[in-house]
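**Q** This is model.cif, which holds mmCIF, C-alpha atoms and all ligand atoms:
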```
data_structure
loop_
_atom_site.group_PDB
_atom_site.id
_atom_site.type_symbol
_atom_site.label_atom_id
_atom_site.label_comp_id
_atom_site.auth_asym_id
_atom_site.auth_seq_id
_atom_site.Cartn_x
_atom_site.Cartn_y
_atom_site.Cartn_z
ATOM 1 C CA MET A 292 -123.421 38.603 -87.252
ATOM 2 C CA ALA A 293 -122.709 41.165 -84.527
ATOM 3 C CA ILE A 294 -124.902 40.942 -81.436
ATOM 4 C CA SER A 295 -125.105 43.810 -78.948
ATOM 5 C CA PHE A 296 -127.288 44.794 -75.997
ATOM 6 C CA ARG A 297 -128.602 48.205 -74.923
ATOM 7 C CA PRO A 298 -130.795 49.088 -71.938
ATOM 8 C CA LEU A 299 -134.523 49.145 -72.690
ATOM 9 C CA ALA A 300 -135.779 52.678 -73.502
ATOM 10 C CA VAL A 301 -139.264 54.114 -73.721
ATOM 11 C CA THR A 302 -138.908 54.240 -77.522
ATOM 12 C CA ASP A 303 -138.556 50.427 -77.521
ATOM 13 C CA LEU A 304 -141.946 49.803 -75.894
ATOM 14 C CA GLU A 305 -143.832 49.647 -79.193
ATOM 15 C CA ASN A 306 -141.572 46.809 -80.368
ATOM 16 C CA VAL A 307 -141.745 45.031 -77.018
ATOM 17 C CA VAL A 308 -145.550 45.049 -77.085
ATOM 18 C CA ARG A 309 -145.522 43.762 -80.683
ATOM 19 C CA TRP A 310 -143.098 40.954 -79.787
ATOM 20 C CA MET A 311 -145.039 39.983 -76.663
ATOM 21 C CA LEU A 312 -148.209 39.623 -78.708
ATOM 22 C CA ASP A 313 -146.521 37.170 -81.104
ATOM 23 C CA ASP A 314 -148.140 33.726 -80.762
ATOM 24 C CA ASP A 315 -144.932 31.852 -79.869
ATOM 25 C CA VAL A 316 -143.903 34.429 -77.288
ATOM 26 C CA GLN A 317 -147.381 34.453 -75.709
ATOM 27 C CA ARG A 318 -147.347 30.682 -75.658
ATOM 28 C CA TRP A 319 -144.206 30.471 -73.534
ATOM 29 C CA TRP A 320 -143.900 33.846 -71.870
ATOM 30 C CA TYR A 321 -147.376 35.079 -70.905
ATOM 31 C CA PRO A 322 -150.763 33.543 -70.340
ATOM 32 C CA LYS A 323 -152.627 33.816 -73.648
ATOM 33 C CA GLY A 324 -154.775 36.924 -73.804
ATOM 34 C CA THR A 325 -152.414 39.208 -71.874
ATOM 35 C CA SER A 326 -153.352 42.694 -73.065
ATOM 36 C CA GLU A 327 -151.189 45.461 -74.510
ATOM 37 C CA THR A 328 -151.995 47.580 -71.451
ATOM 38 C CA GLU A 329 -150.742 44.866 -69.082
ATOM 39 C CA ILE A 330 -147.540 44.432 -71.107
ATOM 40 C CA ARG A 331 -146.843 48.187 -71.117
ATOM 41 C CA ALA A 332 -147.505 48.404 -67.397
ATOM 42 C CA GLU A 333 -144.893 45.714 -66.775
ATOM 43 C CA TYR A 334 -142.144 47.070 -69.047
ATOM 44 C CA GLU A 335 -142.560 50.848 -68.824
ATOM 45 C CA PRO A 336 -141.012 51.239 -65.328
ATOM 46 C CA SER A 337 -137.788 49.583 -66.576
ATOM 47 C CA THR A 338 -137.313 52.450 -69.067
ATOM 48 C CA GLN A 339 -137.195 55.262 -66.495
ATOM 49 C CA SER A 340 -133.574 56.049 -65.779
ATOM 50 C CA GLU A 341 -134.319 57.702 -62.422
ATOM 51 C CA SER A 342 -135.810 54.423 -61.241
ATOM 52 C CA HIS A 343 -132.832 52.275 -62.252
ATOM 53 C CA GLY A 344 -131.652 50.350 -59.259
ATOM 54 C CA LEU A 345 -135.139 50.147 -57.789
ATOM 55 C CA HIS A 346 -136.191 47.477 -60.249
ATOM 56 C CA LYS A 347 -134.742 44.077 -59.710
ATOM 57 C CA THR A 348 -134.843 43.092 -63.372
ATOM 58 C CA ALA A 349 -132.374 44.643 -65.858
ATOM 59 C CA ARG A 350 -133.808 44.616 -69.376
ATOM 60 C CA TYR A 351 -131.982 44.977 -72.690
ATOM 61 C CA ILE A 352 -132.881 45.157 -76.347
ATOM 62 C CA VAL A 353 -130.949 42.670 -78.491
ATOM 63 C CA ASP A 354 -129.487 44.231 -81.630
ATOM 64 C CA VAL A 355 -128.226 42.042 -84.470
ATOM 65 C CA ASP A 356 -126.378 43.928 -87.187
ATOM 66 C CA GLY A 357 -128.518 47.027 -86.533
ATOM 67 C CA HIS A 358 -131.847 45.158 -86.252
ATOM 68 C CA ASP A 359 -133.742 45.101 -82.968
ATOM 69 C CA ILE A 360 -134.744 41.450 -82.715
ATOM 70 C CA GLY A 361 -135.695 40.790 -79.122
ATOM 71 C CA LEU A 362 -135.290 41.204 -75.424
ATOM 72 C CA ALA A 363 -132.903 39.796 -72.815
ATOM 73 C CA GLN A 364 -133.308 40.339 -69.085
ATOM 74 C CA TRP A 365 -131.728 39.201 -65.855
ATOM 75 C CA HIS A 366 -132.127 39.589 -62.144
ATOM 76 C CA PHE A 367 -130.137 38.439 -59.192
ATOM 77 C CA GLY A 368 -131.737 35.520 -57.410
ATOM 78 C CA ASP A 369 -132.822 37.451 -54.354
ATOM 79 C CA TYR A 370 -136.324 36.047 -54.309
ATOM 80 C CA PRO A 371 -136.272 33.628 -51.352
ATOM 81 C CA GLU A 372 -139.418 31.854 -52.522
ATOM 82 C CA TYR A 373 -137.789 30.918 -55.847
ATOM 83 C CA ALA A 374 -134.358 30.249 -54.370
ATOM 84 C CA SER A 375 -135.736 27.499 -52.135
ATOM 85 C CA GLU A 376 -137.883 26.104 -54.935
ATOM 86 C CA VAL A 377 -134.976 25.602 -57.284
ATOM 87 C CA GLN A 378 -132.390 24.903 -54.592
ATOM 88 C CA SER A 379 -130.153 27.369 -56.323
ATOM 89 C CA SER A 380 -129.777 30.438 -54.120
ATOM 90 C CA GLY A 381 -127.153 32.931 -55.263
ATOM 91 C CA SER A 382 -127.975 32.482 -58.945
ATOM 92 C CA ALA A 383 -128.781 35.145 -61.467
ATOM 93 C CA TRP A 384 -131.889 34.427 -63.522
ATOM 94 C CA VAL A 385 -132.011 35.061 -67.243
ATOM 95 C CA ASP A 386 -134.841 35.259 -69.816
ATOM 96 C CA VAL A 387 -134.506 35.821 -73.537
ATOM 97 C CA LEU A 388 -136.846 36.087 -76.464
ATOM 98 C CA ILE A 389 -136.588 36.704 -80.172
ATOM 99 C CA GLY A 390 -139.619 38.791 -81.049
ATOM 100 C CA LEU A 391 -140.110 37.963 -84.711
ATOM 101 C CA PRO A 392 -140.421 34.426 -86.141
ATOM 102 C CA GLU A 393 -138.087 35.104 -89.091
ATOM 103 C CA TRP A 394 -135.133 35.574 -86.701
ATOM 104 C CA ARG A 395 -135.721 32.315 -84.823
ATOM 105 C CA ASN A 396 -134.186 28.898 -85.465
ATOM 106 C CA ARG A 397 -131.084 30.367 -87.131
ATOM 107 C CA GLY A 398 -128.700 29.860 -84.230
ATOM 108 C CA LEU A 399 -129.162 33.372 -82.845
ATOM 109 C CA GLY A 400 -130.962 32.311 -79.647
ATOM 110 C CA SER A 401 -128.058 30.202 -78.415
ATOM 111 C CA GLU A 402 -125.487 32.806 -79.453
ATOM 112 C CA LEU A 403 -127.230 35.764 -77.870
ATOM 113 C CA THR A 404 -127.918 33.842 -74.643
ATOM 114 C CA SER A 405 -124.271 32.848 -74.305
ATOM 115 C CA GLN A 406 -123.036 36.358 -75.099
ATOM 116 C CA PHE A 407 -125.566 37.968 -72.727
ATOM 117 C CA VAL A 408 -124.551 35.751 -69.813
ATOM 118 C CA HIS A 409 -120.800 36.210 -70.271
ATOM 119 C CA GLU A 410 -120.794 39.893 -71.267
ATOM 120 C CA ILE A 411 -123.606 41.344 -69.126
ATOM 121 C CA VAL A 412 -124.468 38.993 -66.255
ATOM 122 C CA PHE A 413 -121.011 37.685 -65.332
ATOM 123 C CA ALA A 414 -119.702 41.279 -65.497
ATOM 124 C CA ASP A 415 -121.018 41.377 -61.927
ATOM 125 C CA PRO A 416 -118.257 39.525 -60.034
ATOM 126 C CA THR A 417 -120.657 38.383 -57.300
ATOM 127 C CA ILE A 418 -122.635 36.207 -59.721
ATOM 128 C CA GLN A 419 -121.405 32.623 -59.718
ATOM 129 C CA ARG A 420 -124.066 30.966 -61.849
ATOM 130 C CA CYS A 421 -127.018 31.682 -64.113
ATOM 131 C CA ALA A 422 -130.323 29.849 -64.136
ATOM 132 C CA ILE A 423 -132.964 29.736 -66.847
ATOM 133 C CA ASP A 424 -136.275 27.917 -66.609
ATOM 134 C CA PRO A 425 -138.037 27.195 -69.901
ATOM 135 C CA ASP A 426 -141.267 25.217 -70.025
ATOM 136 C CA PRO A 427 -140.390 21.485 -70.330
ATOM 137 C CA GLU A 428 -142.353 21.455 -73.626
ATOM 138 C CA ASN A 429 -140.383 24.348 -75.161
ATOM 139 C CA GLY A 430 -137.998 22.233 -77.253
ATOM 140 C CA PRO A 431 -136.328 25.039 -79.233
ATOM 141 C CA ALA A 432 -135.576 27.023 -76.045
ATOM 142 C CA ILE A 433 -134.120 24.007 -74.224
ATOM 143 C CA ARG A 434 -131.942 23.124 -77.200
ATOM 144 C CA ALA A 435 -130.798 26.737 -77.657
ATOM 145 C CA TYR A 436 -129.811 27.009 -73.969
ATOM 146 C CA GLU A 437 -127.964 23.674 -74.123
ATOM 147 C CA LYS A 438 -125.965 25.024 -77.052
ATOM 148 C CA ALA A 439 -125.249 28.139 -74.948
ATOM 149 C CA GLY A 440 -123.723 25.888 -72.262
ATOM 150 C CA PHE A 441 -126.628 25.474 -69.806
ATOM 151 C CA ARG A 442 -127.178 22.048 -68.239
ATOM 152 C CA HIS A 443 -130.407 20.544 -66.943
ATOM 153 C CA ALA A 444 -130.563 20.671 -63.129
ATOM 154 C CA ARG A 445 -134.078 19.473 -62.392
ATOM 155 C CA THR A 446 -137.702 19.734 -63.475
ATOM 156 C CA TYR A 447 -140.247 21.007 -60.970
ATOM 157 C CA ARG A 448 -143.696 22.487 -60.680
ATOM 158 C CA SER A 449 -143.694 25.934 -59.105
ATOM 159 C CA GLU A 450 -145.831 26.319 -56.023
ATOM 160 C CA THR A 451 -145.852 30.060 -56.724
ATOM 161 C CA ASP A 452 -147.497 30.016 -60.156
ATOM 162 C CA GLY A 453 -148.317 26.331 -60.724
ATOM 163 C CA LEU A 454 -146.203 26.193 -63.917
ATOM 164 C CA SER A 455 -143.734 23.427 -64.755
ATOM 165 C CA ALA A 456 -140.147 24.456 -65.317
ATOM 166 C CA TYR A 457 -137.114 22.730 -66.821
ATOM 167 C CA LEU A 458 -134.416 24.332 -64.703
ATOM 168 C CA MET A 459 -131.064 24.768 -66.448
ATOM 169 C CA VAL A 460 -127.885 26.181 -64.925
ATOM 170 C CA LEU A 461 -124.633 27.602 -66.273
ATOM 171 C CA GLU A 462 -121.700 28.027 -63.856
ATOM 172 C CA ARG A 463 -119.262 30.918 -64.206
ATOM 173 C CA PRO A 464 -116.169 29.557 -65.990
ATOM 174 C CA LEU A 465 -113.114 29.092 -63.802
ATOM 175 C CA PRO A 466 -110.490 31.800 -64.325
ATOM 176 C CA LYS A 467 -107.731 30.814 -66.737
ATOM 177 C CA ILE A 468 -104.433 29.969 -65.043
ATOM 178 C CA THR A 469 -101.613 31.829 -66.766
HETATM 179 C C1 LIG A 501 -136.291 30.253 -77.481
HETATM 180 C C2 LIG A 501 -135.545 31.102 -78.507
HETATM 181 C C3 LIG A 501 -134.866 32.271 -77.792
HETATM 182 C C4 LIG A 501 -134.460 30.218 -79.150
HETATM 183 O O1 LIG A 501 -133.802 30.971 -80.123
HETATM 184 P P1 LIG A 501 -133.523 30.366 -81.585
HETATM 185 O O2 LIG A 501 -132.705 31.346 -82.328
HETATM 186 O O3 LIG A 501 -134.811 29.957 -82.167
HETATM 187 O O4 LIG A 501 -132.643 29.087 -81.174
HETATM 188 P P2 LIG A 501 -131.441 28.416 -81.990
HETATM 189 O O5 LIG A 501 -131.676 28.551 -83.453
HETATM 190 O O6 LIG A 501 -130.150 28.891 -81.421
HETATM 191 O O7 LIG A 501 -131.605 26.891 -81.521
HETATM 192 C C5 LIG A 501 -132.826 26.214 -81.665
HETATM 193 C C6 LIG A 501 -132.562 24.729 -81.647
HETATM 194 O O8 LIG A 501 -133.792 24.036 -81.386
HETATM 195 C C7 LIG A 501 -134.003 23.061 -82.398
HETATM 196 N N1 LIG A 501 -135.449 22.915 -82.519
HETATM 197 C C8 LIG A 501 -136.304 23.571 -83.346
HETATM 198 N N2 LIG A 501 -137.562 23.145 -83.117
HETATM 199 C C9 LIG A 501 -137.487 22.205 -82.139
HETATM 200 C C10 LIG A 501 -138.441 21.409 -81.451
HETATM 201 N N3 LIG A 501 -139.746 21.498 -81.728
HETATM 202 N N4 LIG A 501 -138.009 20.565 -80.478
HETATM 203 C C11 LIG A 501 -136.695 20.467 -80.163
HETATM 204 N N5 LIG A 501 -135.728 21.214 -80.782
HETATM 205 C C12 LIG A 501 -136.132 22.071 -81.750
HETATM 206 C C13 LIG A 501 -133.330 23.624 -83.620
HETATM 207 O O9 LIG A 501 -133.073 22.613 -84.563
HETATM 208 C C14 LIG A 501 -132.046 24.183 -82.978
HETATM 209 O O10 LIG A 501 -131.134 23.164 -82.630
HETATM 210 P P3 LIG A 501 -129.865 22.744 -83.598
HETATM 211 O O11 LIG A 501 -129.073 23.997 -83.824
HETATM 212 O O12 LIG A 501 -129.149 21.707 -82.812
HETATM 213 O O13 LIG A 501 -130.464 22.232 -84.880
HETATM 214 C C15 LIG A 501 -136.498 31.653 -79.620
HETATM 215 O O14 LIG A 501 -136.955 30.575 -80.393
HETATM 216 C C16 LIG A 501 -137.689 32.417 -79.054
HETATM 217 O O15 LIG A 501 -137.538 33.562 -78.664
HETATM 218 N N6 LIG A 501 -138.873 31.789 -79.049
HETATM 219 C C17 LIG A 501 -140.111 32.457 -78.620
HETATM 220 C C18 LIG A 501 -140.126 32.889 -77.147
HETATM 221 C C19 LIG A 501 -139.544 31.863 -76.204
HETATM 222 O O16 LIG A 501 -139.855 30.684 -76.260
HETATM 223 N N7 LIG A 501 -138.688 32.364 -75.298
HETATM 224 C C20 LIG A 501 -138.008 31.536 -74.325
HETATM 225 C C21 LIG A 501 -138.794 31.426 -73.070
HETATM 226 S S1 LIG A 501 -137.863 30.465 -71.898
#
```
Could you write out this structure as structure tokens?
Ligand SMILES: CC(C)(COP(=O)(O)OP(=O)(O)OC[C@H]1O[C@@H](n2cnc3c(N)ncnc32)[C@H](O)[C@@H]1OP(=O)(O)O)[C@@H](O)C(=O)NCCC(=O)NCCS
**A**
Amino acid sequence: MAISFRPLAVTDLENVVRWMLDDDVQRWWYPKGTSETEIRAEYEPSTQSESHGLHKTARYIVDVDGHDIGLAQWHFGDYPEYASEVQSSGSAWVDVLIGLPEWRNRGLGSELTSQFVHEIVFADPTIQRCAIDPDPENGPAIRAYEKAGFRHARTYRSETDGLSAYLMVLERPLPKIT
């Protein structure tokens, strides 16, 4: 299966809203009951090319063999409040989701996460490590990220939003010596 990423466009918003309203995505991604209007308001600014660079989070649609199956996003860890919380300043932060249940639990989550980190995030030479922070109860996500090479760093409760997080980190691979 060929996985590729393209920047989020306004024509993708309908899919994004649909995916975000999926029960499993709402369970782990948003407080239940988040409305379509709130979801659009969050994602629409990322689709405006003239505003690229102003938004800290870079968002991509995940394409698998011509099917749009989900979303991957990353930002550089320049939020001091989070950096101190996770004791991991200088990290990029990554989030992924597969929007439709039929595409989950087939090995795609681990593959797309690994490919996204190495192809998109580590393309920025200043990024030394990636962090991802699933809910400690989100077994499939934790397992998928382990398979992608992430390792558990610590579990903490955020003082910012009160949520528990199972912090996982993946270091940039050392350059090969030739
Ligand atoms: C999290 C997500 C990206 C993972 O992608 P995926 O394609 O389902 O993951 P994979 O198939 O690569 O791996 C899932 C692993 O979890 C295992 N698993 C399934 N259910 C599980 C459970 N309840 N507890 C523990 N492990 C579980 C699977 O067996 C598999 O491991 P294996 O290959 O060793 O057998 C995807 O499920 C998703 O988008 N879920 C909804 C939104 C979400 O949770 N996003 C992440 C927020 S941090």
**Q** What does the distance from atom CA of A:Pro298 to atom CA of A:Ala383 come to in Å, to one decimal?
**A**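 Straight-line distance from atom CA of A:Pro298 to atom CA of A:Ala383 works out to 17.6 Å.
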**Q** When the cut-off is 8 Å and you count all atoms listed in the file, which residues lie near ligand LIG 501 (chain A), shown as a VMD selection string?
**A** chain A and resid 315 to 320 361 386 to 392 394 to 402 404 423 to 426 429 to 436 438
**Q** Nearest to A:Val385: which of A:Thr469, A:Ser295, A:Ser405, A:Asn306 is it, counting only C-alpha atoms?
**A**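 Among A:Thr469, A:Ser295, A:Ser405, A:Asn306, it is A:Ser405 that comes nearest to A:Val385.
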**Q** Show which residues sit within 12 Å of A:Arg448, as a ChimeraX atom specification. Count only C-alpha atoms, and ignore same-chain residues fewer than 3 positions away.
**A** /A:373,376-377,424-427,445,451-458
**Q** Can you list, as a count of residues only, the residues that the PyMOL selection byres (((chain A and resi 335-338) around 7) and not hetatm) selects here?
**A** 11
**Q** Near A:Asp415, counting only C-alpha atoms, which residues have an atom at most 12 Å away, once you skip same-chain residues fewer than 3 positions from it, shown as an NGL selection string?
**A** :A and (365-367 or 382-383 or 408-412 or 418-421 or 463)
**Q** Tell me, in Å to one decimal, how far atom CA of A:Ala444 is from atom CA of A:Pro464.
**A**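 If I compute the distance from atom CA of A:Ala444 to atom CA of A:Pro464, I get 17.2 Å.
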**Q** Using Å and a single decimal, report how far atom CA of A:Glu329 sits from atom CA of A:Glu305.
**A**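 About the pair atom CA of A:Glu305 and atom CA of A:Glu329: they are 13.1 Å apart.
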**Q** Expanded to explicit residues, what is the PyMOL selection byres (((chain A and resi 327) around 9) and not hetatm) for this file, as a ChimeraX atom specification?
**A** /A:308-309,311-312,325-326,328-332
**Q** With distances taken over all atoms listed in the file, which residue among A:Glu393, A:Ser449, A:Pro322, A:Trp310 lies nearest A:Ile352?
**A**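 Ranked by minimum distance to A:Ile352, first place goes to A:Trp310.
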